[in-house]
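Undergrad: Have a peek at work30.pdb (PDB, C-alpha atoms and all ligand atoms).
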```
ATOM      1  CA  MET A   1       0.000   0.000   0.000
ATOM      2  CA  PRO A   2       1.455   3.437  -0.846
ATOM      3  CA  LEU A   3       1.508   6.181   1.794
ATOM      4  CA  VAL A   4      -2.059   7.333   2.432
ATOM      5  CA  THR A   5      -3.792  10.558   3.420
ATOM      6  CA  SER A   6      -5.545  10.769   6.771
ATOM      7  CA  THR A   7      -9.033  11.091   5.230
ATOM      8  CA  GLU A   8     -10.182   7.493   5.726
ATOM      9  CA  MET A   9      -8.350   7.178   9.045
ATOM     10  CA  PHE A  10     -10.170  10.207  10.453
ATOM     11  CA  LYS A  11     -13.580   9.174   9.127
ATOM     12  CA  LYS A  12     -13.336   5.806  10.870
ATOM     13  CA  ALA A  13     -11.776   7.299  14.003
ATOM     14  CA  TYR A  14     -14.568   9.858  14.329
ATOM     15  CA  GLU A  15     -17.246   7.225  13.890
ATOM     16  CA  GLY A  16     -15.465   4.725  16.139
ATOM     17  CA  GLY A  17     -14.696   7.120  19.014
ATOM     18  CA  TYR A  18     -10.936   6.726  18.880
ATOM     19  CA  ALA A  19      -7.957   8.770  17.622
ATOM     20  CA  ILE A  20      -4.940   8.193  15.415
ATOM     21  CA  GLY A  21      -1.503   8.686  16.953
ATOM     22  CA  ALA A  22       0.639  11.304  15.219
ATOM     23  CA  PHE A  23       4.204  10.688  16.313
ATOM     24  CA  ASN A  24       7.147  12.942  15.472
ATOM     25  CA  VAL A  25      10.042  11.205  13.742
ATOM     26  CA  ASN A  26      13.665  12.286  13.505
ATOM     27  CA  ASN A  27      15.678   9.151  12.763
ATOM     28  CA  MET A  28      15.516   5.471  11.839
ATOM     29  CA  GLU A  29      15.232   4.063  15.358
ATOM     30  CA  ILE A  30      12.277   6.288  16.233
ATOM     31  CA  ILE A  31      10.487   5.314  13.013
ATOM     32  CA  GLN A  32      11.163   1.635  13.663
ATOM     33  CA  GLY A  33      10.052   1.766  17.309
ATOM     34  CA  ILE A  34       6.753   3.443  16.393
ATOM     35  CA  THR A  35       5.914   1.332  13.373
ATOM     36  CA  GLU A  36       6.908  -1.986  14.966
ATOM     37  CA  ALA A  37       4.416  -1.185  17.751
ATOM     38  CA  CYS A  38       1.741  -0.326  15.178
ATOM     39  CA  LYS A  39       2.464  -3.500  13.238
ATOM     40  CA  GLU A  40       2.168  -5.662  16.333
ATOM     41  CA  LEU A  41      -1.163  -4.064  17.262
ATOM     42  CA  ASN A  42      -2.458  -3.534  13.712
ATOM     43  CA  ALA A  43      -2.855   0.222  14.102
ATOM     44  CA  PRO A  44      -2.952   2.937  11.422
ATOM     45  CA  VAL A  45      -0.454   5.709  12.097
ATOM     46  CA  ILE A  46       0.606   9.232  11.183
ATOM     47  CA  LEU A  47       4.358   9.840  11.110
ATOM     48  CA  GLN A  48       5.047  13.535  11.246
ATOM     49  CA  VAL A  49       8.131  15.514  10.328
ATOM     50  CA  SER A  50       8.687  19.022  11.645
ATOM     51  CA  LYS A  51      10.598  21.694   9.775
ATOM     52  CA  GLY A  52      13.402  21.163  12.317
ATOM     53  CA  ALA A  53      13.412  17.406  11.728
ATOM     54  CA  ARG A  54      13.610  17.996   7.996
ATOM     55  CA  ALA A  55      16.518  20.365   8.473
ATOM     56  CA  TYR A  56      18.252  17.842  10.775
ATOM     57  CA  ALA A  57      17.887  14.792   8.547
ATOM     58  CA  ASN A  58      17.616  16.602   5.189
ATOM     59  CA  ARG A  59      14.580  16.462   2.910
ATOM     60  CA  THR A  60      15.160  12.946   1.552
ATOM     61  CA  TYR A  61      16.141  10.621   4.419
ATOM     62  CA  LEU A  62      13.000  10.735   6.541
ATOM     63  CA  ILE A  63      10.733  10.213   3.527
ATOM     64  CA  LYS A  64      12.734   7.170   2.448
ATOM     65  CA  LEU A  65      12.745   5.782   6.006
ATOM     66  CA  VAL A  66       8.976   6.224   6.252
ATOM     67  CA  GLU A  67       8.576   4.511   2.876
ATOM     68  CA  ALA A  68      10.748   1.674   4.201
ATOM     69  CA  ALA A  69       8.485   1.371   7.252
ATOM     70  CA  GLU A  70       5.472   1.120   4.964
ATOM     71  CA  ILE A  71       7.151  -1.655   2.944
ATOM     72  CA  GLU A  72       8.108  -3.532   6.110
ATOM     73  CA  THR A  73       4.729  -3.254   7.853
ATOM     74  CA  GLY A  74       2.146  -2.929   5.057
ATOM     75  CA  LEU A  75       0.207  -0.599   7.383
ATOM     76  CA  PRO A  76      -1.760   2.500   6.395
ATOM     77  CA  ILE A  77       0.848   5.207   7.078
ATOM     78  CA  CYS A  78       0.283   8.925   6.518
ATOM     79  CA  LEU A  79       3.388  11.120   6.120
ATOM     80  CA  HIS A  80       2.596  14.530   7.560
ATOM     81  CA  LEU A  81       4.405  17.873   7.769
ATOM     82  CA  ASP A  82       4.128  19.118  11.364
ATOM     83  CA  HIS A  83       3.822  22.901  11.901
ATOM     84  CA  GLY A  84       4.486  24.043   8.343
ATOM     85  CA  ASP A  85       5.328  27.718   8.706
ATOM     86  CA  SER A  86       4.788  28.970   5.153
ATOM     87  CA  PHE A  87       3.262  28.158   1.786
ATOM     88  CA  GLU A  88       6.775  27.416   0.467
ATOM     89  CA  THR A  89       7.537  24.781   3.161
ATOM     90  CA  CYS A  90       4.162  23.108   2.562
ATOM     91  CA  LYS A  91       4.625  23.167  -1.220
ATOM     92  CA  SER A  92       8.084  21.661  -0.929
ATOM     93  CA  CYS A  93       6.774  18.759   1.198
ATOM     94  CA  ILE A  94       3.815  18.192  -1.135
ATOM     95  CA  ASP A  95       6.210  18.114  -4.100
ATOM     96  CA  ASP A  96       8.393  15.613  -2.184
ATOM     97  CA  GLY A  97       5.553  13.140  -1.612
ATOM     98  CA  PHE A  98       4.073  13.999   1.798
ATOM     99  CA  THR A  99       0.411  12.951   1.918
ATOM    100  CA  SER A 100      -0.611  15.543   4.511
ATOM    101  CA  VAL A 101       0.647  18.963   5.595
ATOM    102  CA  MET A 102      -0.073  21.300   8.454
ATOM    103  CA  ILE A 103      -0.023  25.004   7.800
ATOM    104  CA  ASP A 104       0.339  26.673  11.165
ATOM    105  CA  ALA A 105      -0.533  30.328  10.784
ATOM    106  CA  SER A 106      -2.204  30.346  14.199
ATOM    107  CA  SER A 107      -0.028  33.172  15.479
ATOM    108  CA  LYS A 108      -1.222  35.419  12.628
ATOM    109  CA  PRO A 109      -4.398  37.526  12.706
ATOM    110  CA  PHE A 110      -7.592  35.643  11.736
ATOM    111  CA  GLU A 111      -7.836  36.992   8.162
ATOM    112  CA  GLU A 112      -4.170  36.330   7.483
ATOM    113  CA  ASN A 113      -4.463  32.795   8.869
ATOM    114  CA  ILE A 114      -7.418  32.211   6.515
ATOM    115  CA  ALA A 115      -5.583  33.602   3.475
ATOM    116  CA  ILE A 116      -2.398  31.535   3.880
ATOM    117  CA  THR A 117      -4.331  28.377   4.834
ATOM    118  CA  ARG A 118      -6.553  28.799   1.753
ATOM    119  CA  GLN A 119      -3.466  29.128  -0.456
ATOM    120  CA  VAL A 120      -1.987  25.892   0.931
ATOM    121  CA  VAL A 121      -5.326  24.058   0.631
ATOM    122  CA  GLU A 122      -5.638  24.985  -3.054
ATOM    123  CA  TYR A 123      -2.176  23.659  -3.880
ATOM    124  CA  ALA A 124      -2.478  20.581  -1.641
ATOM    125  CA  HIS A 125      -5.902  19.498  -2.879
ATOM    126  CA  ALA A 126      -4.778  19.872  -6.496
ATOM    127  CA  HIS A 127      -2.085  17.297  -5.618
ATOM    128  CA  GLY A 128      -4.252  14.873  -3.591
ATOM    129  CA  VAL A 129      -2.795  16.028  -0.274
ATOM    130  CA  VAL A 130      -4.822  16.950   2.838
ATOM    131  CA  VAL A 131      -4.312  19.982   5.078
ATOM    132  CA  GLU A 132      -4.427  20.539   8.832
ATOM    133  CA  ALA A 133      -4.776  24.124  10.031
ATOM    134  CA  GLU A 134      -4.758  25.679  13.501
ATOM    135  CA  LEU A 135      -6.900  28.199  15.353
ATOM    136  CA  GLY A 136      -5.811  29.357  18.806
ATOM    137  CA  THR A 137      -2.220  29.162  20.049
ATOM    138  CA  LEU A 138      -0.529  26.670  22.324
ATOM    139  CA  ALA A 139       2.133  27.589  24.822
ATOM    140  CA  GLY A 140       5.537  25.887  24.580
ATOM    141  CA  ILE A 141       8.342  25.458  22.099
ATOM    142  CA  GLU A 142       8.145  24.386  18.434
ATOM    143  CA  ASP A 143      11.357  24.620  16.450
ATOM    144  CA  GLU A 144      12.841  27.936  17.586
ATOM    145  CA  VAL A 145       9.494  29.585  18.306
ATOM    146  CA  LYS A 146       8.672  29.852  22.008
ATOM    147  CA  VAL A 147       5.152  30.881  22.993
ATOM    148  CA  SER A 148       4.797  31.937  26.624
ATOM    149  CA  ALA A 149       1.751  30.867  28.645
ATOM    150  CA  GLU A 150       0.560  34.510  28.691
ATOM    151  CA  ASP A 151       0.697  34.747  24.888
ATOM    152  CA  SER A 152      -1.142  31.483  24.316
ATOM    153  CA  SER A 153      -4.905  31.574  23.810
ATOM    154  CA  TYR A 154      -7.748  29.097  23.708
ATOM    155  CA  THR A 155      -9.583  28.561  20.439
ATOM    156  CA  ARG A 156     -12.773  30.621  20.166
ATOM    157  CA  PRO A 157     -15.544  28.182  19.146
ATOM    158  CA  GLU A 158     -17.459  31.004  17.450
ATOM    159  CA  ASP A 159     -14.630  31.266  14.855
ATOM    160  CA  VAL A 160     -14.291  27.649  13.779
ATOM    161  CA  GLN A 161     -17.169  27.320  11.314
ATOM    162  CA  GLU A 162     -16.222  30.391   9.302
ATOM    163  CA  PHE A 163     -12.545  29.345   9.355
ATOM    164  CA  VAL A 164     -13.200  25.838   8.055
ATOM    165  CA  GLU A 165     -15.697  26.996   5.419
ATOM    166  CA  ARG A 166     -13.471  29.753   4.065
ATOM    167  CA  THR A 167     -10.200  27.767   4.078
ATOM    168  CA  GLY A 168     -11.444  24.330   2.999
ATOM    169  CA  CYS A 169      -9.000  22.687   5.447
ATOM    170  CA  ASP A 170      -9.454  18.980   6.173
ATOM    171  CA  SER A 171      -8.787  19.000   9.931
ATOM    172  CA  LEU A 172      -8.389  21.638  12.609
ATOM    173  CA  ALA A 173      -5.962  21.860  15.531
ATOM    174  CA  ILE A 174      -7.476  23.666  18.500
ATOM    175  CA  ALA A 175      -6.075  24.997  21.770
ATOM    176  CA  ILE A 176      -7.874  23.626  24.858
ATOM    177  CA  GLY A 177      -5.042  23.696  27.382
ATOM    178  CA  THR A 178      -2.368  21.388  26.021
ATOM    179  CA  SER A 179       1.072  22.800  25.257
ATOM    180  CA  HIS A 180       4.308  21.682  23.632
ATOM    181  CA  GLY A 181       7.247  20.218  25.540
ATOM    182  CA  ALA A 182       7.625  18.500  28.915
ATOM    183  CA  TYR A 183       6.591  21.385  31.196
ATOM    184  CA  LYS A 184       2.899  21.755  30.497
ATOM    185  CA  PHE A 185       1.359  22.584  33.855
ATOM    186  CA  LYS A 186       2.624  24.383  36.928
ATOM    187  CA  PRO A 187       3.824  21.925  39.592
ATOM    188  CA  GLY A 188       1.174  21.655  42.303
ATOM    189  CA  THR A 189      -1.721  22.561  39.985
ATOM    190  CA  LYS A 190      -4.269  20.093  38.640
ATOM    191  CA  PRO A 191      -4.080  19.707  34.843
ATOM    192  CA  GLN A 192      -7.486  20.133  33.257
ATOM    193  CA  LEU A 193      -8.286  20.390  29.552
ATOM    194  CA  ARG A 194     -11.162  22.660  28.478
ATOM    195  CA  PHE A 195     -13.686  20.063  27.382
ATOM    196  CA  ASP A 196     -16.353  22.770  27.256
ATOM    197  CA  ILE A 197     -14.474  24.338  24.308
ATOM    198  CA  LEU A 198     -14.040  20.976  22.578
ATOM    199  CA  GLU A 199     -17.767  20.222  23.013
ATOM    200  CA  GLU A 200     -18.745  23.577  21.538
ATOM    201  CA  VAL A 201     -16.351  23.145  18.587
ATOM    202  CA  GLN A 202     -17.781  19.683  17.991
ATOM    203  CA  ARG A 203     -21.327  21.045  18.077
ATOM    204  CA  ARG A 204     -20.486  23.707  15.511
ATOM    205  CA  LEU A 205     -18.519  21.351  13.226
ATOM    206  CA  PRO A 206     -20.355  18.024  13.358
ATOM    207  CA  GLY A 207     -18.291  15.163  11.929
ATOM    208  CA  PHE A 208     -15.201  17.335  11.387
ATOM    209  CA  PRO A 209     -11.840  15.938  12.607
ATOM    210  CA  ILE A 210     -10.181  17.888  15.403
ATOM    211  CA  VAL A 211      -6.459  17.677  16.264
ATOM    212  CA  LEU A 212      -4.735  17.984  19.620
ATOM    213  CA  HIS A 213      -1.133  19.127  19.679
ATOM    214  CA  GLY A 214       1.057  19.082  22.765
ATOM    215  CA  SER A 215      -0.416  15.790  23.963
ATOM    216  CA  SER A 216       2.519  14.116  25.652
ATOM    217  CA  SER A 217       1.768  12.796  29.115
ATOM    218  CA  VAL A 218       5.368  13.012  30.337
ATOM    219  CA  PRO A 219       5.835   9.544  31.880
ATOM    220  CA  GLN A 220       7.408  10.044  35.289
ATOM    221  CA  GLU A 221       9.368   6.794  34.987
ATOM    222  CA  TYR A 222      11.451   8.360  32.206
ATOM    223  CA  VAL A 223      11.862  11.724  33.937
ATOM    224  CA  LYS A 224      13.117   9.699  36.913
ATOM    225  CA  MET A 225      15.384   7.589  34.693
ATOM    226  CA  ILE A 226      16.916  10.752  33.216
ATOM    227  CA  ASN A 227      17.456  12.297  36.643
ATOM    228  CA  GLU A 228      18.837   9.122  38.196
ATOM    229  CA  ASN A 229      21.403   8.852  35.424
ATOM    230  CA  GLY A 230      23.034  12.233  35.396
ATOM    231  CA  GLY A 231      20.166  14.397  34.152
ATOM    232  CA  ASN A 232      18.700  17.404  35.902
ATOM    233  CA  MET A 233      15.126  17.945  34.750
ATOM    234  CA  PRO A 234      12.882  20.102  36.940
ATOM    235  CA  ASP A 235       9.329  18.889  37.758
ATOM    236  CA  ALA A 236       7.744  18.011  34.425
ATOM    237  CA  ILE A 237       3.980  17.524  34.151
ATOM    238  CA  GLY A 238       2.090  16.306  31.090
ATOM    239  CA  VAL A 239      -1.514  15.858  29.975
ATOM    240  CA  PRO A 240      -3.323  13.165  32.014
ATOM    241  CA  GLU A 241      -3.923  10.140  29.828
ATOM    242  CA  ASP A 242      -7.537   9.725  30.896
ATOM    243  CA  GLN A 243      -8.281  13.222  29.564
ATOM    244  CA  LEU A 244      -6.660  12.346  26.223
ATOM    245  CA  ARG A 245      -8.732   9.165  26.102
ATOM    246  CA  LYS A 246     -11.867  11.219  26.669
ATOM    247  CA  ALA A 247     -10.865  13.654  23.899
ATOM    248  CA  ALA A 248     -10.254  10.694  21.560
ATOM    249  CA  SER A 249     -13.781   9.455  22.210
ATOM    250  CA  MET A 250     -15.080  12.882  21.129
ATOM    251  CA  ALA A 251     -14.225  14.808  17.916
ATOM    252  CA  VAL A 252     -10.450  14.545  18.373
ATOM    253  CA  CYS A 253      -9.155  12.233  15.626
ATOM    254  CA  LYS A 254      -5.405  13.033  15.769
ATOM    255  CA  ILE A 255      -3.276  13.250  18.905
ATOM    256  CA  ASN A 256       0.289  14.575  18.580
ATOM    257  CA  ILE A 257       3.054  13.019  20.649
ATOM    258  CA  ASP A 258       6.719  13.932  20.490
ATOM    259  CA  SER A 259       8.136  14.781  23.931
ATOM    260  CA  ASP A 260       7.232  11.375  25.413
ATOM    261  CA  LEU A 261       9.314   9.662  22.725
ATOM    262  CA  ARG A 262      12.218  12.005  23.451
ATOM    263  CA  LEU A 263      12.010  11.228  27.174
ATOM    264  CA  ALA A 264      11.916   7.468  26.542
ATOM    265  CA  MET A 265      14.863   7.624  24.182
ATOM    266  CA  THR A 266      16.975   9.918  26.325
ATOM    267  CA  GLY A 267      16.205   8.155  29.616
ATOM    268  CA  THR A 268      17.062   4.778  28.142
ATOM    269  CA  ILE A 269      20.334   5.953  26.618
ATOM    270  CA  ARG A 270      21.395   7.778  29.780
ATOM    271  CA  LYS A 271      20.760   4.638  31.810
ATOM    272  CA  TYR A 272      22.581   2.497  29.285
ATOM    273  CA  PHE A 273      25.709   4.645  29.529
ATOM    274  CA  ASN A 274      25.540   4.672  33.301
ATOM    275  CA  ASP A 275      25.280   0.864  33.340
ATOM    276  CA  HIS A 276      27.863   0.324  30.583
ATOM    277  CA  PRO A 277      30.401   3.151  30.870
ATOM    278  CA  ALA A 278      32.947   1.499  28.589
ATOM    279  CA  ASP A 279      30.582   0.821  25.628
ATOM    280  CA  PHE A 280      30.818   2.892  22.475
ATOM    281  CA  ASP A 281      28.874   0.934  19.831
ATOM    282  CA  PRO A 282      25.796   3.049  18.883
ATOM    283  CA  ARG A 283      23.792  -0.093  18.140
ATOM    284  CA  GLN A 284      24.141  -1.188  21.756
ATOM    285  CA  TYR A 285      22.481   1.920  23.174
ATOM    286  CA  LEU A 286      20.068   2.626  20.331
ATOM    287  CA  LYS A 287      18.611  -0.875  20.508
ATOM    288  CA  PRO A 288      17.094  -0.541  24.030
ATOM    289  CA  ALA A 289      16.013   3.034  23.188
ATOM    290  CA  ARG A 290      14.123   1.732  20.145
ATOM    291  CA  ALA A 291      12.599  -1.088  22.224
ATOM    292  CA  ASN A 292      11.339   1.335  24.871
ATOM    293  CA  ILE A 293       9.857   3.634  22.223
ATOM    294  CA  LYS A 294       8.024   0.592  20.894
ATOM    295  CA  GLU A 295       6.632  -0.281  24.352
ATOM    296  CA  LEU A 296       5.604   3.322  24.982
ATOM    297  CA  VAL A 297       3.795   3.542  21.630
ATOM    298  CA  LYS A 298       1.997   0.236  22.274
ATOM    299  CA  HIS A 299       0.720   1.666  25.539
ATOM    300  CA  LYS A 300      -0.471   4.839  23.761
ATOM    301  CA  LEU A 301      -2.250   2.874  21.028
ATOM    302  CA  VAL A 302      -4.197   0.748  23.509
ATOM    303  CA  ASP A 303      -4.728   2.957  26.566
ATOM    304  CA  VAL A 304      -4.819   6.486  25.146
ATOM    305  CA  LEU A 305      -5.775   6.435  21.470
ATOM    306  CA  GLY A 306      -7.870   3.268  21.235
ATOM    307  CA  CYS A 307      -6.720   2.696  17.635
ATOM    308  CA  ASP A 308      -5.245  -0.788  18.080
ATOM    309  CA  GLY A 309      -6.749  -3.275  15.659
ATOM    310  CA  LYS A 310      -8.094  -0.472  13.444
ATOM    311  CA  ALA A 311      -5.773  -0.834  10.423
ATOM    312  CA  GLU A 312      -7.458  -2.289   7.321
TER
HETATM  313  O1  LIG B 401       5.400  20.583  18.071
HETATM  314  C1  LIG B 401       6.590  20.439  17.886
HETATM  315  C2  LIG B 401       7.194  19.102  17.824
HETATM  316  O2  LIG B 401       7.447  18.592  19.106
HETATM  317  C3  LIG B 401       8.420  19.119  16.954
HETATM  318  O3  LIG B 401       9.504  19.660  17.617
HETATM  319  O4  LIG B 401      10.248  21.398  16.012
HETATM  320  O5  LIG B 401      11.793  20.519  17.800
HETATM  321  O6  LIG B 401      11.162  19.093  15.844
HETATM  322  P1  LIG B 401      10.764  20.224  16.761
HETATM  323  P1  LIG B 402       4.391  17.234  22.769
HETATM  324  O1  LIG B 402       5.525  18.190  22.967
HETATM  325  O2  LIG B 402       3.402  17.315  23.877
HETATM  326  O3  LIG B 402       4.852  15.845  22.529
HETATM  327  O4  LIG B 402       3.588  17.716  21.450
HETATM  328  C1  LIG B 402       4.025  17.330  20.174
HETATM  329  C2  LIG B 402       3.333  18.087  19.105
HETATM  330  O5  LIG B 402       2.328  18.745  19.290
HETATM  331  C3  LIG B 402       3.903  18.004  17.762
HETATM  332  O6  LIG B 402       3.258  18.839  16.865
HETATM  333 ZN    ZN B 403       2.480  20.630  17.707
END
```
As structure tokens, please, write out the structure in this file.

TA:
Amino acid sequence: MPLVTSTEMFKKAYEGGYAIGAFNVNNMEIIQGITEACKELNAPVILQVSKGARAYANRTYLIKLVEAAEIETGLPICLHLDHGDSFETCKSCIDDGFTSVMIDASSKPFEENIAITRQVVEYAHAHGVVVEAELGTLAGIEDEVKVSAEDSSYTRPEDVQEFVERTGCDSLAIAIGTSHGAYKFKPGTKPQLRFDILEEVQRRLPGFPIVLHGSSSVPQEYVKMINENGGNMPDAIGVPEDQLRKAASMAVCKINIDSDLRLAMTGTIRKYFNDHPADFDPRQYLKPARANIKELVKHKLVDVLGCDGKAE
């Protein structure tokens, strides 16, 4: 099966009350860990590449690695550009064979966001590619752009219908309290997503797929593993998994996870070096990192997303 768009995945996910995992990929071991988990549990998956990941690996390698994963697993895999920052970046990915792109003009004024999203949609749809757009801004760090908690803002439900109608986008990322990175909520506070906003968006856009960014849960076992092996992370708090599960049972069809994979990989490698200080073969430390990414993704597929067993 060639790489697919997310259209069918989202339709079934919406109807079935589950979500598709959208995992960020930066190298071979991450791609293998994710897709081996999906293969074992027969789950469809979105592999997403940020502008930073594309700059790190160059524009060819990650595409070829994702194609290799598709050949190895035979799963429905969607290759998605995460946080495209301009028409040019989106066009370049579409021309390279991505099946889905995000244009993130959420920091721009409403009319400007509509204009640039519309431009990307026209080009993408003419090439059989689907488009995710964003309304509302998340706090946290994406590439080099840092949005402070004060500058972030929840999505206004009264804007979503007009935005979707005028842009023609295929899915919409909304801000309901998640944020990028490992430090999502103030220590001592109780994390709570704004389900009232999600419900209102869902009411105004019946059947339309909604996306949640910044959805890592920050597993404490890996924060601990990092800190017990030479790291020094302050208190890190993620999105509670039961709240993500609830969102997945509603209109949320795509849940973005990156930081959790980074924590699993880094914690495992730190521990490996602590336990084996004389080793220097990259395969020896990348192998357990890949295995732990696989276990983490299996847990997400079953307990958070509910998309296990949902591949064709
Ligand atoms: O939302 C951002 C993702 O975690 C990607 O991060 O831009 O550092 O690759 P990155
Ligand atoms: P996390 O930082 O919570 O993993 O979010 C990832 C993301 O939203 C990628 O677009
Ligand atoms: Zn994001």

Undergrad: Step by step: start from the point (4.4, 14.0, 22.9) in the file's coordinates, keep every protein, DNA or RNA residue that has an atom no farther than 10 Å from it, count all atoms listed in the file, and write the set as a PyMOL selection string.

TA: chain A and resi 21-24+179-182+213-218+238-239+255-263

Undergrad: Of the candidates A:Ala248, A:Met102, A:Leu75, A:Met28, which shows the shortest atom-to-atom distance to Leu198 (chain A), using all atoms listed in the file?

TA: A:Ala248

Undergrad: Distance cut-off 9 Å, centre (-15.8, 10.4, 12.8) in file coordinates, counting only C-alpha atoms: which residues qualify? Return them as a list in words.

TA: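 Looking at atoms near the point gives Met9, Phe10, Lys11, Lys12, Ala13, Tyr14, Glu15, Gly16, Gly17, Tyr18, Pro206, Gly207, Phe208, Pro209, Met250, Ala251, Val252 and Cys253 of chain A.
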
Undergrad: If we count only C-alpha atoms, what is near Ala105 (chain A) at a cut-off of 7 Å, once residues fewer than 4 positions away on the same chain are taken out, given as a ChimeraX atom specification?

TA: /A:85,113,134

Undergrad: Hey, what's within 10 Å of Tyr123 (chain A) if we count all atoms listed in the file and toss same-chain stuff fewer than 5 positions away? As a list in words, please?

TA: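 After dropping sequence-adjacent residues, the list is Phe87, Cys90, Lys91, Ile94, Arg118, Gly128, Val129, Val130 and Val131 of chain A.
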
Undergrad: Enclose region 239-247 of chain A, meaning all of its atoms listed in the file, in a box aligned along x, y and z, pad it by 5 Å on each side, and list the centre and edge lengths in Å to one decimal, as AutoDock Vina command-line options.

TA:
```
--center_x -6.7 --center_y 12.5 --center_z 28.0 --size_x 20.4 --size_y 16.7 --size_z 18.1
```

Undergrad: Quote the spacing between CA of Glu228 (chain A) and CA of Leu301 (chain A) in Å to one decimal place.

TA: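 So the two atoms, CA of Glu228 (chain A) and CA of Leu301 (chain A), lie 27.9 Å apart.
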
Undergrad: Can you work out the spacing between CA of Pro76 (chain A) and CA of Ala19 (chain A) in Å, to one decimal?

TA: 14.3 Å
